[in-house]
Every structure is written in C-alpha cells, then in structure tokens.
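Student: First the structure, which I've put down as structure tokens, then a few questions once you've had a look.
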Amino acid sequence: MTDVVVRHIPVKNRLASLIKVPGGKKLKDAVADAERNLEAVRPDCVGRIDELIYEIQLLSGAVGDPGLETRQRLYDLANQIVSIAGTFSLPGVGRAAYSLCEMIDCTIETGGCTRGEVLVHVESLQLLRHPERLGAAGEAAVLDGLAKIIRHAQVRVERAAIA
Amino acid sequence: MAGLNPEGWINMEAAAVLLLDPNPFSQQVAKQILFGFGVRAPFICNTVAEAQEILTSREVNLVLMSDVVDGDTTGFDFVSWLRRHVPEPNCFTPVMVLSGHSKRANIQAARDCGANFILAKPVSVRVMLERVLWVARENRPFVDTGKYLGPERRFHDDEKNKARRRRNDPPEGAEAAPDAGAAPDVAADADPHTEAFAQGLRRMNS
C-alpha cells in the first residue's frame with residue numbers, strides 16, 4: 001500500500017480583509033443594485049434565448065437522427081440557454097434546455113438520441129417560452145413529459161450497456 | 001433575505017475580481033451582478049489565454065468563471081492549472097465556478113479541480129452574494145494530496161452529506177421514499193412514448 005502524503009497549507013484570505021474596509025454598500029442595496037442591473041440587460045438576453053431556440057429548431061429540422069456534430073452543436077446551444085433563462089423569469093425554458101443537454105449527454109455512448117427526442121424538446125422550448133399562455137399546470141405537464149423522455153433514454157442506455 | 005443580513009455591509013470596491021466566460025450573454029449576467037455588488041473594474045476575460053495573462057501578472061482576489069471556457073479546455077482544467085502552476089498568492093485565490101449542464105465525463109474533474117464552490121446556473125443574485133461572503137469569511141487551509149490541490153474539503157463534504165441526508169429523509173408523517181433501485185415508470189419502447197408526448201405538445205400548441 002502506498003502512503004499518500006497530505007500537505008496542509010495555511011492560506012491568508014485576502015478577500016476577507018478587503019470586503020471589511022469601511023465603505024461599500026449594505027447587502028440589501030447590493031442585491032437591489034444587481035437586480036436592477038440585470039433588468040437593464042433583460043431585453044438583449046431574452047432576445048438571445050429566442051435566437052438560440054430558433055437555431056435549435058433549424059438544426060433539428062434535418063431528416064434522420066442527428067449525427068455527432070449536430071448533437072454537439074445542439075448541446076452547446078441548449079447549454080447557453082441553461083446559463084441565462086432562469087435569470088430572466090424563464091425557468092421552464094432553462095429546465096427544458098437542461099433536459100436536452102442531459103438527453104444528448106446520457107445517450108452519447110449508445111449512438112445518440114433520436115430526431116423525435118430532439119423535436120419534443122424543441123416544441124417544449126417553444127411552449128415554455130410563453131409561460132403566461134401555458135399556465136403553471138401546463139408548464140408542469142410539459143416538464144414532466146420531458147422527464148419521462150429522459151428516463152426512457154436512460155433505460156435504453158442501461159439496457160445497451162447490459163447487452 | 002434568507003441567509004443574508006440585509007443590514008450587513010460589503011465593500012468590493014478594492015477587490016480585484018477576474019471573470020472568465022467566453023459566452024457574451026452569461027458573461028453579461030455575471031458582470032452586472034458584480035457591478036451591483038460594488039466591484040469597480042473586474043478583469044473581464046473571454047479566453048483562457050487572457051485569464052492566464054492576468055493571473056500571472058496581477059494580484060487577483062476572487063475568480064468567477066464558467067465551466068465552459070475554451071474549446072476542449074473545461075473550466076475545471078483551468079482551475080487545476082491555476083492551483084498547480086500559478087505562483088503565490090494567486091494560486092490560493094478563491095474560485096467560484098458557474099456550471100450549466102455538466103457532462104458525465106466532467107463530474108470527477110469538477111470534484112477534484114480545487115474550486116471553492118461550483119454553483120449551478122442560473123445563480124440568483126442572493127445566492128451569489130451569499131457565496132461571495134462565504135468565501136470571504138472562510139478560513140480553510142489548502143491541502144495537497146498529489147492528486148488534489150485546493151481548499152480542504154472535509155468540512156464541505158460533511159455539510160453536504162448532512163444536507164443530502166436531510167433531503168432524502170422522508171418528512172415527518174410521510175412514508176419512506178420508494179426504493180431507489182426500482183424500475184422507472186416507463187414502457188419498454190421509447191419511440192411510442194416520445195410520439196405520444198409530441199402529440200400532446202402539438203395539442204397544447206394548437
């Protein structure tokens with residue numbers, strides 16, 4: 001058995017002393033200022049989410065199951081949506097995009113996901129983009145449906161691993 | 001403001017913060033939050049090369065970064081490089097990684113990269129402020145095991161395990177959770193289910 005040598009290194013936390021310097025702002029003001037700043041960039045970011053959904057839709061329009069390159073591009077686009085959608089009151093869109101990432105990632109060892117599985121994510125993203133039309137129950141139903149799609153894909157992957 | 005004392009104070013004016021995110025929109029989100037917290041002039045980096053240049057030439061007090069940074073280089077690779085190859089004091093700089101979807105292949109790297117926090121995107125303003133205050137208050141030593149170099153993890157892991165146990169415990173009066181190994185509620189063939197769901201979506205959309 002090899003002994004692992006663990007070295008403990010005391011570290012001076014320079015950030016600790018900086019944030020205690022007199023001045024700055026109250027925490028409630030820091031939160032309010034940050035939220036106000038985010039409101040200023042909301043139109044650009046929501047516009048970008050629409051562009052990303054459209055790009056995903058275009059990519060999913062091709063005939064046949066998506067190839068490796070297309071899946072990688074779909075993953076990157078969806079992951080960009082994950083990064084910002086929830087910040088701008090579109091948590092359902094973020095969760096659907098996360099689901100698409102999860103599906104692409106979990107099927108990577110078994111030849112990838114099907115076109116149908118991508119298409120239901122595209123339609124879900126488009127529906128969830130307008131939560132006011134969908135309503136809370138509708139949003140929950142769509143997300144529940146996507147969760148089942150992911151579980152199907154996972155079962156398929158597990159079976160392929162056993163076979 | 002759960003977890004935050006709204007009357008507490010923070011002064012980020014003199015803090016040198018490095019933000020590394022190649023995506024202009026998620027970079028914009030993080031930047032606006034930092035400005036709101038009072039950060040004056042963060043180092044904004046679009047590439048790993050830009051961040052490396054700053055970290056090897058300027059003192060940095062906090063790194064906030066995306067898990068996706070540059071082509072094949074993950075944010076976790078970058079944190080490992082920072083811990084192993086950057087001279088003191090920057091190699092000990094607190095690092096918060098903002099992660100979108102993490103690929104299975106990266107989970108071990110995320111655990112072992114030496115970041116102080118890995119936060120799931122989207123991160124709310126309050127959570128971000130809590131974490132900044134947390135890393136500023138913490139006094140954990142670093143440990144170097146050869147395979148891992150970063151903040152000592154035992155405290156963190158214990159806290160996480162406690163939280164996990166709490167989440168998994170059934171609430172009082174409730175029945176225990178179903179067997180985690182039980183087969184999921186899915187039919188044998190995926191395609192009919194996908195098609196049925198697609199039809200349901202189309203009905204909702206019409």
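Identifiers in this document derive from the order of the structure tokens: chains are assigned A, B, ..., residues are numbered from 1 separately in each chain, and ligands are numbered from 1 in order of occurrence.
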What are the DSSP strand (DSSP E or B) residues of chain A, as a VMD selection string?

Tutor: chain A and resid 7 to 9 25 to 26

Student: Hey, list the chain B side of the contact with chain A: 7 Å cut-off, only C-alpha atoms, answer as number ranges by chain.

Tutor: B: 6-15, 25-26, 29, 32-33, 35-38, 61, 92, 100-101, 103, 121-122, 124-126, 136-137, 139, 141-145, 186, 190, 194, 197-198, 201, 205

Student: Quick one: of A:Arg129, A:Val63, A:Val157, A:Glu69, who's nearest to Met103 of chain A, counting only C-alpha atoms?

Tutor: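 The closest residue to Met103 of chain A is A:Val157.
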
Student: If you count only C-alpha atoms, which residues fall within 10 Å of Cys45 of chain B, apart from same-chain ones fewer than 3 positions away, as a VMD selection string?

Tutor: chain B and resid 18 to 22 27 42 48 to 54 65 69

Student: Report, in Å with one decimal, the straight-line distance from atom CA of Trp134 of chain B to atom CA of Leu62 of chain B.

Tutor: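 These two atoms are separated by 12.0 Å.
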
Student: Could you work out how far atom CA of Leu55 of chain B lies from atom CA of Arg83 of chain B, giving the answer in Å with one decimal?

Tutor: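 Spanning atom CA of Arg83 of chain B to atom CA of Leu55 of chain B is a straight-line distance of 11.0 Å.
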
Student: With distances taken over only C-alpha atoms, which residue among A:Glu158, A:Asp3, A:Asp144, A:Glu51 lies nearest Glu109 of chain A?

Tutor: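 For Glu109 of chain A, the nearest of the given residues is A:Glu158.
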
Student: Can you measure atom CA of Val95 of chain B to atom CA of Val79 of chain B for me? One decimal in Å is fine.

Tutor: 7.6 Å
